[in-house]
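Chemist: Structure file run.pdb, PDB, C-alpha atoms and all ligand atoms, is pasted below:
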```
ATOM      1  CA  MET O   1     129.627  90.727 124.568  1.00  0.00           C
ATOM      2  CA  THR O   2     128.640  94.321 124.925  1.00  0.00           C
ATOM      3  CA  SER O   3     131.371  96.757 125.717  1.00  0.00           C
ATOM      4  CA  ASN O   4     130.899  99.026 128.691  1.00  0.00           C
ATOM      5  CA  ASN O   5     131.585 102.725 128.517  1.00  0.00           C
ATOM      6  CA  ASP O   6     134.252 102.664 131.240  1.00  0.00           C
ATOM      7  CA  SER O   7     136.228 100.150 129.223  1.00  0.00           C
ATOM      8  CA  VAL O   8     135.890 102.176 126.023  1.00  0.00           C
ATOM      9  CA  ARG O   9     136.958 105.351 127.830  1.00  0.00           C
ATOM     10  CA  PHE O  10     139.920 103.560 129.443  1.00  0.00           C
ATOM     11  CA  TRP O  11     141.200 102.178 126.131  1.00  0.00           C
ATOM     12  CA  ASN O  12     140.545 105.415 124.262  1.00  0.00           C
ATOM     13  CA  ARG O  13     142.744 107.193 126.823  1.00  0.00           C
ATOM     14  CA  LYS O  14     145.378 104.498 126.566  1.00  0.00           C
ATOM     15  CA  ALA O  15     145.439 104.070 122.771  1.00  0.00           C
ATOM     16  CA  ALA O  16     148.288 106.453 121.867  1.00  0.00           C
ATOM     17  CA  SER O  17     150.634 105.108 124.554  1.00  0.00           C
ATOM     18  CA  TYR O  18     149.606 101.494 123.813  1.00  0.00           C
ATOM     19  CA  ALA O  19     150.666 102.042 120.190  1.00  0.00           C
ATOM     20  CA  GLU O  20     154.124 103.134 121.364  1.00  0.00           C
ATOM     21  CA  GLN O  21     154.618 100.298 123.868  1.00  0.00           C
ATOM     22  CA  PRO O  22     157.171  97.688 122.798  1.00  0.00           C
ATOM     23  CA  ILE O  23     156.019  94.055 123.027  1.00  0.00           C
ATOM     24  CA  ARG O  24     156.941  92.860 126.517  1.00  0.00           C
ATOM     25  CA  ASP O  25     157.829  89.271 125.714  1.00  0.00           C
ATOM     26  CA  THR O  26     158.925  89.110 122.086  1.00  0.00           C
ATOM     27  CA  GLU O  27     159.890  85.442 122.250  1.00  0.00           C
ATOM     28  CA  ALA O  28     156.390  84.438 123.359  1.00  0.00           C
ATOM     29  CA  TYR O  29     154.809  86.810 120.817  1.00  0.00           C
ATOM     30  CA  GLU O  30     156.845  85.331 117.940  1.00  0.00           C
ATOM     31  CA  LYS O  31     155.906  81.786 118.953  1.00  0.00           C
ATOM     32  CA  LYS O  32     152.212  82.690 118.992  1.00  0.00           C
ATOM     33  CA  LEU O  33     152.473  84.373 115.586  1.00  0.00           C
ATOM     34  CA  ALA O  34     154.165  81.273 114.155  1.00  0.00           C
ATOM     35  CA  ILE O  35     151.576  78.873 115.608  1.00  0.00           C
ATOM     36  CA  THR O  36     148.718  81.072 114.406  1.00  0.00           C
ATOM     37  CA  ARG O  37     150.205  81.033 110.925  1.00  0.00           C
ATOM     38  CA  GLU O  38     149.976  77.223 110.843  1.00  0.00           C
ATOM     39  CA  TYR O  39     146.193  77.712 110.714  1.00  0.00           C
ATOM     40  CA  LEU O  40     146.161  80.468 108.071  1.00  0.00           C
ATOM     41  CA  ASN O  41     146.219  80.152 104.296  1.00  0.00           C
ATOM     42  CA  PRO O  42     145.710  82.498 101.337  1.00  0.00           C
ATOM     43  CA  GLN O  43     141.946  81.659 101.308  1.00  0.00           C
ATOM     44  CA  SER O  44     141.404  82.354 105.020  1.00  0.00           C
ATOM     45  CA  SER O  45     138.776  84.803 106.107  1.00  0.00           C
ATOM     46  CA  VAL O  46     139.828  85.967 109.580  1.00  0.00           C
ATOM     47  CA  LEU O  47     138.086  87.892 112.341  1.00  0.00           C
ATOM     48  CA  GLU O  48     140.034  89.492 115.177  1.00  0.00           C
ATOM     49  CA  PHE O  49     138.172  91.047 118.110  1.00  0.00           C
ATOM     50  CA  GLY O  50     139.823  93.421 120.583  1.00  0.00           C
ATOM     51  CA  CYS O  51     142.508  94.072 117.959  1.00  0.00           C
ATOM     52  CA  GLY O  52     143.920  97.148 119.700  1.00  0.00           C
ATOM     53  CA  THR O  53     146.153  99.162 117.389  1.00  0.00           C
ATOM     54  CA  GLY O  54     146.107  96.396 114.803  1.00  0.00           C
ATOM     55  CA  SER O  55     149.749  95.258 114.821  1.00  0.00           C
ATOM     56  CA  THR O  56     148.994  91.537 114.871  1.00  0.00           C
ATOM     57  CA  ALA O  57     146.310  91.740 112.166  1.00  0.00           C
ATOM     58  CA  LEU O  58     148.720  93.670 109.935  1.00  0.00           C
ATOM     59  CA  LEU O  59     151.436  91.041 110.435  1.00  0.00           C
ATOM     60  CA  HIS O  60     149.066  88.209 109.470  1.00  0.00           C
ATOM     61  CA  ALA O  61     147.548  90.100 106.527  1.00  0.00           C
ATOM     62  CA  PRO O  62     150.014  88.861 103.848  1.00  0.00           C
ATOM     63  CA  HIS O  63     149.147  85.240 104.735  1.00  0.00           C
ATOM     64  CA  VAL O  64     145.348  85.404 104.363  1.00  0.00           C
ATOM     65  CA  LYS O  65     142.599  86.543 102.040  1.00  0.00           C
ATOM     66  CA  GLN O  66     141.052  89.086 104.386  1.00  0.00           C
ATOM     67  CA  ILE O  67     140.870  90.152 108.000  1.00  0.00           C
ATOM     68  CA  LEU O  68     138.080  92.003 109.736  1.00  0.00           C
ATOM     69  CA  ALA O  69     139.546  93.472 112.915  1.00  0.00           C
ATOM     70  CA  LEU O  70     137.267  94.900 115.624  1.00  0.00           C
ATOM     71  CA  ASP O  71     137.873  96.942 118.713  1.00  0.00           C
ATOM     72  CA  SER O  72     135.395  98.764 120.925  1.00  0.00           C
ATOM     73  CA  SER O  73     137.782 101.730 121.275  1.00  0.00           C
ATOM     74  CA  GLU O  74     137.489 104.111 118.352  1.00  0.00           C
ATOM     75  CA  LYS O  75     140.926 105.584 119.175  1.00  0.00           C
ATOM     76  CA  MET O  76     142.532 102.149 118.840  1.00  0.00           C
ATOM     77  CA  ILE O  77     140.772 101.692 115.500  1.00  0.00           C
ATOM     78  CA  GLU O  78     141.864 105.151 114.293  1.00  0.00           C
ATOM     79  CA  ILE O  79     145.505 104.272 114.973  1.00  0.00           C
ATOM     80  CA  ALA O  80     145.129 100.819 113.414  1.00  0.00           C
ATOM     81  CA  GLY O  81     143.545 102.284 110.263  1.00  0.00           C
ATOM     82  CA  ALA O  82     146.339 104.858 109.930  1.00  0.00           C
ATOM     83  CA  LYS O  83     148.958 102.083 110.237  1.00  0.00           C
ATOM     84  CA  ALA O  84     147.233 100.011 107.534  1.00  0.00           C
ATOM     85  CA  GLU O  85     147.185 103.006 105.218  1.00  0.00           C
ATOM     86  CA  LYS O  86     150.843 103.836 105.896  1.00  0.00           C
ATOM     87  CA  GLU O  87     151.869 100.217 105.272  1.00  0.00           C
ATOM     88  CA  GLY O  88     149.695  99.950 102.146  1.00  0.00           C
ATOM     89  CA  VAL O  89     147.748  96.968 103.536  1.00  0.00           C
ATOM     90  CA  SER O  90     144.414  96.654 101.747  1.00  0.00           C
ATOM     91  CA  ASN O  91     143.009  93.307 102.981  1.00  0.00           C
ATOM     92  CA  VAL O  92     142.401  94.328 106.615  1.00  0.00           C
ATOM     93  CA  ASP O  93     139.235  96.222 107.547  1.00  0.00           C
ATOM     94  CA  PHE O  94     139.306  97.896 110.944  1.00  0.00           C
ATOM     95  CA  MET O  95     135.948  98.534 112.590  1.00  0.00           C
ATOM     96  CA  THR O  96     134.857 100.044 115.907  1.00  0.00           C
ATOM     97  CA  ALA O  97     132.651  97.246 117.244  1.00  0.00           C
ATOM     98  CA  THR O  98     132.257  94.357 119.665  1.00  0.00           C
ATOM     99  CA  LEU O  99     131.372  90.788 118.715  1.00  0.00           C
ATOM    100  CA  THR O 100     127.780  91.516 119.670  1.00  0.00           C
ATOM    101  CA  ASP O 101     127.543  94.546 117.378  1.00  0.00           C
ATOM    102  CA  LEU O 102     128.894  92.603 114.447  1.00  0.00           C
ATOM    103  CA  GLN O 103     126.183  91.839 111.910  1.00  0.00           C
ATOM    104  CA  ARG O 104     127.495  88.740 110.174  1.00  0.00           C
ATOM    105  CA  PRO O 105     125.727  85.451 109.474  1.00  0.00           C
ATOM    106  CA  PRO O 106     126.860  82.285 111.246  1.00  0.00           C
ATOM    107  CA  ALA O 107     129.873  80.472 109.772  1.00  0.00           C
ATOM    108  CA  SER O 108     131.320  83.652 108.222  1.00  0.00           C
ATOM    109  CA  PHE O 109     134.969  83.109 109.223  1.00  0.00           C
ATOM    110  CA  ASP O 110     137.657  80.415 109.051  1.00  0.00           C
ATOM    111  CA  VAL O 111     139.753  81.716 111.934  1.00  0.00           C
ATOM    112  CA  ILE O 112     138.935  84.006 114.868  1.00  0.00           C
ATOM    113  CA  LEU O 113     141.579  85.665 117.032  1.00  0.00           C
ATOM    114  CA  GLY O 114     140.913  87.038 120.533  1.00  0.00           C
ATOM    115  CA  LEU O 115     144.287  88.175 121.848  1.00  0.00           C
ATOM    116  CA  ASN O 116     144.682  89.610 125.338  1.00  0.00           C
ATOM    117  CA  VAL O 117     141.000  90.423 125.539  1.00  0.00           C
ATOM    118  CA  LEU O 118     138.859  87.583 127.013  1.00  0.00           C
ATOM    119  CA  HIS O 119     139.878  88.463 130.601  1.00  0.00           C
ATOM    120  CA  LEU O 120     138.631  92.019 130.019  1.00  0.00           C
ATOM    121  CA  LEU O 121     135.087  91.010 129.110  1.00  0.00           C
ATOM    122  CA  ASP O 122     132.157  90.991 131.523  1.00  0.00           C
ATOM    123  CA  ASP O 123     130.774  87.924 129.769  1.00  0.00           C
ATOM    124  CA  ARG O 124     133.558  85.918 128.161  1.00  0.00           C
ATOM    125  CA  GLU O 125     131.308  82.873 127.780  1.00  0.00           C
ATOM    126  CA  GLU O 126     128.948  84.836 125.563  1.00  0.00           C
ATOM    127  CA  ALA O 127     131.945  85.991 123.500  1.00  0.00           C
ATOM    128  CA  ILE O 128     133.232  82.424 123.134  1.00  0.00           C
ATOM    129  CA  ARG O 129     129.762  81.199 122.090  1.00  0.00           C
ATOM    130  CA  ARG O 130     129.558  83.990 119.513  1.00  0.00           C
ATOM    131  CA  CYS O 131     132.962  82.952 118.125  1.00  0.00           C
ATOM    132  CA  PHE O 132     131.688  79.390 117.815  1.00  0.00           C
ATOM    133  CA  GLU O 133     128.648  80.644 115.905  1.00  0.00           C
ATOM    134  CA  LEU O 134     130.671  82.907 113.595  1.00  0.00           C
ATOM    135  CA  LEU O 135     133.161  80.175 112.660  1.00  0.00           C
ATOM    136  CA  ALA O 136     132.648  77.817 109.747  1.00  0.00           C
ATOM    137  CA  PRO O 137     132.629  74.100 110.664  1.00  0.00           C
ATOM    138  CA  GLY O 138     136.238  73.122 111.369  1.00  0.00           C
ATOM    139  CA  GLY O 139     137.088  76.802 111.954  1.00  0.00           C
ATOM    140  CA  ILE O 140     139.789  77.769 114.434  1.00  0.00           C
ATOM    141  CA  PHE O 141     139.513  79.996 117.502  1.00  0.00           C
ATOM    142  CA  ILE O 142     142.849  81.276 118.817  1.00  0.00           C
ATOM    143  CA  SER O 143     143.017  83.115 122.126  1.00  0.00           C
ATOM    144  CA  SER O 144     145.679  84.458 124.433  1.00  0.00           C
ATOM    145  CA  THR O 145     144.313  85.261 127.872  1.00  0.00           C
ATOM    146  CA  ALA O 146     145.603  86.371 131.267  1.00  0.00           C
ATOM    147  CA  CYS O 147     144.493  83.713 133.760  1.00  0.00           C
ATOM    148  CA  ILE O 148     145.446  85.288 137.049  1.00  0.00           C
ATOM    149  CA  ALA O 149     143.500  83.334 139.658  1.00  0.00           C
ATOM    150  CA  ARG O 150     146.739  82.004 141.163  1.00  0.00           C
ATOM    151  CA  LEU O 151     148.201  85.449 141.796  1.00  0.00           C
ATOM    152  CA  GLY O 152     148.606  86.456 145.428  1.00  0.00           C
ATOM    153  CA  PHE O 153     145.564  87.521 147.442  1.00  0.00           C
ATOM    154  CA  LEU O 154     146.862  91.083 147.903  1.00  0.00           C
ATOM    155  CA  ILE O 155     147.386  91.745 144.209  1.00  0.00           C
ATOM    156  CA  LYS O 156     143.940  90.335 143.418  1.00  0.00           C
ATOM    157  CA  MET O 157     142.452  92.649 146.034  1.00  0.00           C
ATOM    158  CA  LEU O 158     144.240  95.650 144.555  1.00  0.00           C
ATOM    159  CA  LEU O 159     143.045  94.995 141.002  1.00  0.00           C
ATOM    160  CA  PRO O 160     139.435  96.178 141.492  1.00  0.00           C
ATOM    161  CA  ILE O 161     140.722  99.220 143.381  1.00  0.00           C
ATOM    162  CA  GLY O 162     143.066 100.052 140.499  1.00  0.00           C
ATOM    163  CA  ALA O 163     140.153  99.638 138.090  1.00  0.00           C
ATOM    164  CA  ARG O 164     137.904 101.902 140.186  1.00  0.00           C
ATOM    165  CA  LEU O 165     140.651 104.525 140.155  1.00  0.00           C
ATOM    166  CA  LYS O 166     140.791 104.025 136.373  1.00  0.00           C
ATOM    167  CA  LEU O 167     144.494 103.145 136.550  1.00  0.00           C
ATOM    168  CA  ILE O 168     143.997  99.708 134.991  1.00  0.00           C
ATOM    169  CA  PRO O 169     141.142  98.085 133.106  1.00  0.00           C
ATOM    170  CA  LYS O 170     138.633  95.895 134.930  1.00  0.00           C
ATOM    171  CA  VAL O 171     139.997  92.348 134.832  1.00  0.00           C
ATOM    172  CA  GLN O 172     138.087  89.107 135.404  1.00  0.00           C
ATOM    173  CA  ILE O 173     139.844  86.575 137.602  1.00  0.00           C
ATOM    174  CA  PHE O 174     139.746  82.909 136.591  1.00  0.00           C
ATOM    175  CA  THR O 175     142.065  79.939 136.176  1.00  0.00           C
ATOM    176  CA  ARG O 176     143.405  78.451 132.994  1.00  0.00           C
ATOM    177  CA  GLU O 177     141.282  75.357 133.688  1.00  0.00           C
ATOM    178  CA  THR O 178     138.127  77.493 133.905  1.00  0.00           C
ATOM    179  CA  LEU O 179     138.901  79.115 130.575  1.00  0.00           C
ATOM    180  CA  GLU O 180     139.568  75.757 128.935  1.00  0.00           C
ATOM    181  CA  ALA O 181     136.255  74.469 130.298  1.00  0.00           C
ATOM    182  CA  ASP O 182     134.442  77.579 128.980  1.00  0.00           C
ATOM    183  CA  ILE O 183     135.892  76.989 125.518  1.00  0.00           C
ATOM    184  CA  GLU O 184     134.978  73.302 125.520  1.00  0.00           C
ATOM    185  CA  ARG O 185     131.487  74.030 126.839  1.00  0.00           C
ATOM    186  CA  ALA O 186     130.857  76.278 123.833  1.00  0.00           C
ATOM    187  CA  GLY O 187     131.474  73.212 121.636  1.00  0.00           C
ATOM    188  CA  PHE O 188     135.138  73.633 120.718  1.00  0.00           C
ATOM    189  CA  GLN O 189     137.787  70.939 120.774  1.00  0.00           C
ATOM    190  CA  ILE O 190     141.014  72.314 122.269  1.00  0.00           C
ATOM    191  CA  LEU O 191     143.960  71.465 120.001  1.00  0.00           C
ATOM    192  CA  ARG O 192     146.650  73.087 122.127  1.00  0.00           C
ATOM    193  CA  SER O 193     146.838  75.053 125.341  1.00  0.00           C
ATOM    194  CA  THR O 194     150.228  76.462 126.290  1.00  0.00           C
ATOM    195  CA  VAL O 195     151.748  79.138 128.491  1.00  0.00           C
ATOM    196  CA  PHE O 196     154.594  80.774 126.564  1.00  0.00           C
ATOM    197  CA  ASN O 197     154.963  84.055 128.437  1.00  0.00           C
ATOM    198  CA  LYS O 198     157.709  84.281 131.021  1.00  0.00           C
ATOM    199  CA  ASN O 199     155.247  85.594 133.622  1.00  0.00           C
ATOM    200  CA  GLY O 200     153.470  82.213 133.418  1.00  0.00           C
ATOM    201  CA  MET O 201     150.033  83.799 133.340  1.00  0.00           C
ATOM    202  CA  ILE O 202     148.977  84.058 129.715  1.00  0.00           C
ATOM    203  CA  THR O 203     147.328  80.967 128.297  1.00  0.00           C
ATOM    204  CA  PHE O 204     147.457  80.558 124.532  1.00  0.00           C
ATOM    205  CA  ILE O 205     144.720  78.259 123.267  1.00  0.00           C
ATOM    206  CA  VAL O 206     143.991  76.948 119.797  1.00  0.00           C
ATOM    207  CA  ALA O 207     140.546  75.363 119.514  1.00  0.00           C
ATOM    208  CA  ARG O 208     138.586  73.872 116.634  1.00  0.00           C
ATOM    209  CA  LYS O 209     134.831  74.080 115.964  1.00  0.00           C
TER
HETATM  210  C1  LIG O 301     145.009  94.533 126.177  1.00  0.00           C
HETATM  211  S1  LIG O 301     144.372  95.249 124.714  1.00  0.00           S
HETATM  212  C2  LIG O 301     144.870  93.998 123.550  1.00  0.00           C
HETATM  213  C3  LIG O 301     145.013  94.548 122.161  1.00  0.00           C
HETATM  214  C4  LIG O 301     145.592  93.532 121.160  1.00  0.00           C
HETATM  215  N1  LIG O 301     144.713  92.412 120.956  1.00  0.00           N
HETATM  216  C5  LIG O 301     146.942  93.063 121.617  1.00  0.00           C
HETATM  217  O1  LIG O 301     147.091  91.871 121.894  1.00  0.00           O
HETATM  218  O2  LIG O 301     147.852  93.902 121.708  1.00  0.00           O
HETATM  219  C6  LIG O 301     142.645  94.932 124.846  1.00  0.00           C
HETATM  220  C7  LIG O 301     141.840  95.540 123.725  1.00  0.00           C
HETATM  221  O3  LIG O 301     140.533  95.002 123.785  1.00  0.00           O
HETATM  222  C8  LIG O 301     139.605  96.038 123.493  1.00  0.00           C
HETATM  223  N2  LIG O 301     138.306  95.649 124.070  1.00  0.00           N
HETATM  224  C9  LIG O 301     137.929  95.602 125.373  1.00  0.00           C
HETATM  225  N3  LIG O 301     136.655  95.179 125.491  1.00  0.00           N
HETATM  226  C10 LIG O 301     136.212  94.952 124.217  1.00  0.00           C
HETATM  227  C11 LIG O 301     134.992  94.505 123.666  1.00  0.00           C
HETATM  228  N4  LIG O 301     133.936  94.189 124.422  1.00  0.00           N
HETATM  229  N5  LIG O 301     134.896  94.384 122.321  1.00  0.00           N
HETATM  230  C12 LIG O 301     135.950  94.685 121.522  1.00  0.00           C
HETATM  231  N6  LIG O 301     137.140  95.127 121.984  1.00  0.00           N
HETATM  232  C13 LIG O 301     137.266  95.244 123.313  1.00  0.00           C
HETATM  233  C14 LIG O 301     140.225  97.264 124.108  1.00  0.00           C
HETATM  234  O4  LIG O 301     139.703  98.439 123.546  1.00  0.00           O
HETATM  235  C15 LIG O 301     141.703  97.046 123.803  1.00  0.00           C
HETATM  236  O5  LIG O 301     142.059  97.603 122.582  1.00  0.00           O
END
```
In C-alpha cells, write the structure found in this file.
Ligand SMILES: C[S@@+](CC[C@H](N)C(=O)[O-])C[C@H]1O[C@@H](n2cnc3c(N)ncnc32)[C@H](O)[C@@H]1O
Modeler:
Amino acid sequence: MTSNNDSVRFWNRKAASYAEQPIRDTEAYEKKLAITREYLNPQSSVLEFGCGTGSTALLHAPHVKQILALDSSEKMIEIAGAKAEKEGVSNVDFMTATLTDLQRPPASFDVILGLNVLHLLDDREEAIRRCFELLAPGGIFISSTACIARLGFLIKMLLPIGARLKLIPKVQIFTRETLEADIERAGFQILRSTVFNKNGMITFIVARK
C-alpha cells in the first residue's frame, strides 16, 4: 500500500480544513465508536492507518494501552500531534507513513482501524493482507469504507474528472460485496458488516483474524 504523491499533496492541502470540519453523521459516528470499543481493552495495542487529524485515535486512547496512528499526509500528522499534546494524551504515537512503510513484525497489534481510507487506496487488497499479517491471531480489523458502485452512472463518471482537477481525491469504485469478499479472501472472518450512515454508502465491517 504505497501512497502516491498526488494523494499526499491533496490531503496536505486539505488537512487544515479537514480538521475544522464537523462530523457529518454524528449518530453513525457514535455507533461506530461504541462498537469499536467492544473490541478494545486496557491491554490493547492498536494500529490506525489513514488516521487523518487523529480525532478517533484520541477518543479511543483512554480505553487502550497504546495506539500507533499513521497517515501518509505529514500535515494531517502535524495537526494530530498538536491535538495530542494539547489534550495531554501520551499513549498515541502519530507517524507519517503508510502500511507498507511500517517496519513492524507480524502479529504486532490486537486491533487495526482503517476508517474512511480503503476506497482511497490503489491496492486495497494489499492493505487488507498487510493488516492480516500485522494482527495477532484473533486480532480485529475494523474498517469503514465508501462503497459507491451503486451510485448513478453520471456521478461515477464525474469522480475521475474531479480527481484529475484535484477537487476530490481519487476514489476506487466497488460494491460492499466486493469489499467483504476482499476481506474474507485475506483470511478474515467477518463478524459484522453494517451500513450506519444515512447516505447508505459507508460499510462498517468488523473482522477477526
Ligand atoms: C477521508 S480521510 C479519513 C481520515 C480519518 N480516518 C477519518 O475517518 O476522519 C483519508 C485519510 O487517509 C490518508 N491516506 C490516503 N492514502 C493513504 C495511504 N496510502 N496510507 C496512509 N494514509 C493514507 C489521507 O492522507 C487522509 O488523511
Chemist: In Å, with one decimal, what is the gap from CA of Tyr39 (chain O) to atom N6 of ligand LIG 301 (chain O)?
Modeler: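 Atom-to-atom, CA of Tyr39 (chain O) to atom N6 of ligand LIG 301 (chain O), that is 22.6 Å.
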Chemist: Name the residues that the PyMOL selection byres (((not hetatm)) within 9 of (chain O and resi 301)) pulls out of this structure, and write them as a count of residues only.
Modeler: 52
Chemist: Residues within 12 Å of Arg130 (chain O), please, as an NGL selection string. Count only C-alpha atoms; anything in the same chain fewer than 2 positions from it doesn't count.
Modeler: :O and (1-2 or 47 or 49 or 98-109 or 112 or 114 or 123-128 or 132-136 or 141 or 183 or 186-188 or 209)
Chemist: Excluding region 151-164 of chain O and residues on its chain fewer than 2 positions from it, collect all residues at most 10 Å away from it, counting all atoms listed in the file, and give them as a VMD selection string.
Modeler: chain O and resid 6 to 7 10 147 to 149 166 to 173 175 201
Chemist: Nearest to Val206 (chain O) among O:Ala181, O:Ile35, O:Leu59, O:Leu40, with distances taken over only C-alpha atoms: which residue is it?
Modeler: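 When distances to Val206 (chain O) are compared using only C-alpha atoms, the smallest one comes from O:Ile35.
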Chemist: List as a ChimeraX atom specification the protein and nucleic acid residues near Thr26 (chain O), meaning an atom at most 12 Å away when all atoms listed in the file are counted, but skip any in the same chain fewer than 4 places from it.
Modeler: /O:22,30-33,196-198
Chemist: Mind dumping the selected residues with C-alpha atoms as an mmCIF file, in the frame of the given file?
Modeler:
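Once written, again-v9.cif looks like this:
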```
data_model
loop_
_atom_site.group_PDB
_atom_site.id
_atom_site.type_symbol
_atom_site.label_atom_id
_atom_site.label_comp_id
_atom_site.auth_asym_id
_atom_site.auth_seq_id
_atom_site.Cartn_x
_atom_site.Cartn_y
_atom_site.Cartn_z
ATOM 1 C CA PRO O 22 157.171 97.688 122.798
ATOM 2 C CA GLU O 30 156.845 85.331 117.940
ATOM 3 C CA LYS O 31 155.906 81.786 118.953
ATOM 4 C CA LYS O 32 152.212 82.690 118.992
ATOM 5 C CA LEU O 33 152.473 84.373 115.586
ATOM 6 C CA PHE O 196 154.594 80.774 126.564
ATOM 7 C CA ASN O 197 154.963 84.055 128.437
ATOM 8 C CA LYS O 198 157.709 84.281 131.021
#
```
Chemist: Using all atoms listed in the file, which of O:Ala28, O:Cys131, O:Ile205, O:Met95 sits nearest Ile79 (chain O)?
Modeler: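 When distances to Ile79 (chain O) are compared using all atoms listed in the file, the smallest one comes from O:Met95.
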Chemist: Mind giving me the straight-line distance from CA of Asp182 (chain O) to CA of Ser44 (chain O) in Å, one decimal?
Modeler: 25.4 Å
Chemist: Find, counting all atoms listed in the file, the residue in O:Ser17, O:Asn91, O:Gln43, O:Ser193 that gets nearest to Leu58 (chain O).
Modeler: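 Among the listed residues, O:Asn91 lies closest to Leu58 (chain O).
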Chemist: Which distance in Å separates CA of Tyr29 (chain O) and CA of Glu177 (chain O), to one decimal?
Modeler: 21.9 Å
Chemist: For Ile202 (chain O), which residue out of O:Asp25, O:Gln66, O:Lys83, O:Pro42 is the nearest one, using all atoms listed in the file?
Modeler: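 With all atoms listed in the file as the atom set, the closest residue is O:Asp25.
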Chemist: Return as a VMD selection string the set of residues that the PyMOL selection byres (((chain O and resi 93) around 7) and not hetatm) yields on the displayed structure.
Modeler: chain O and resid 67 to 69 91 to 92 94 to 95
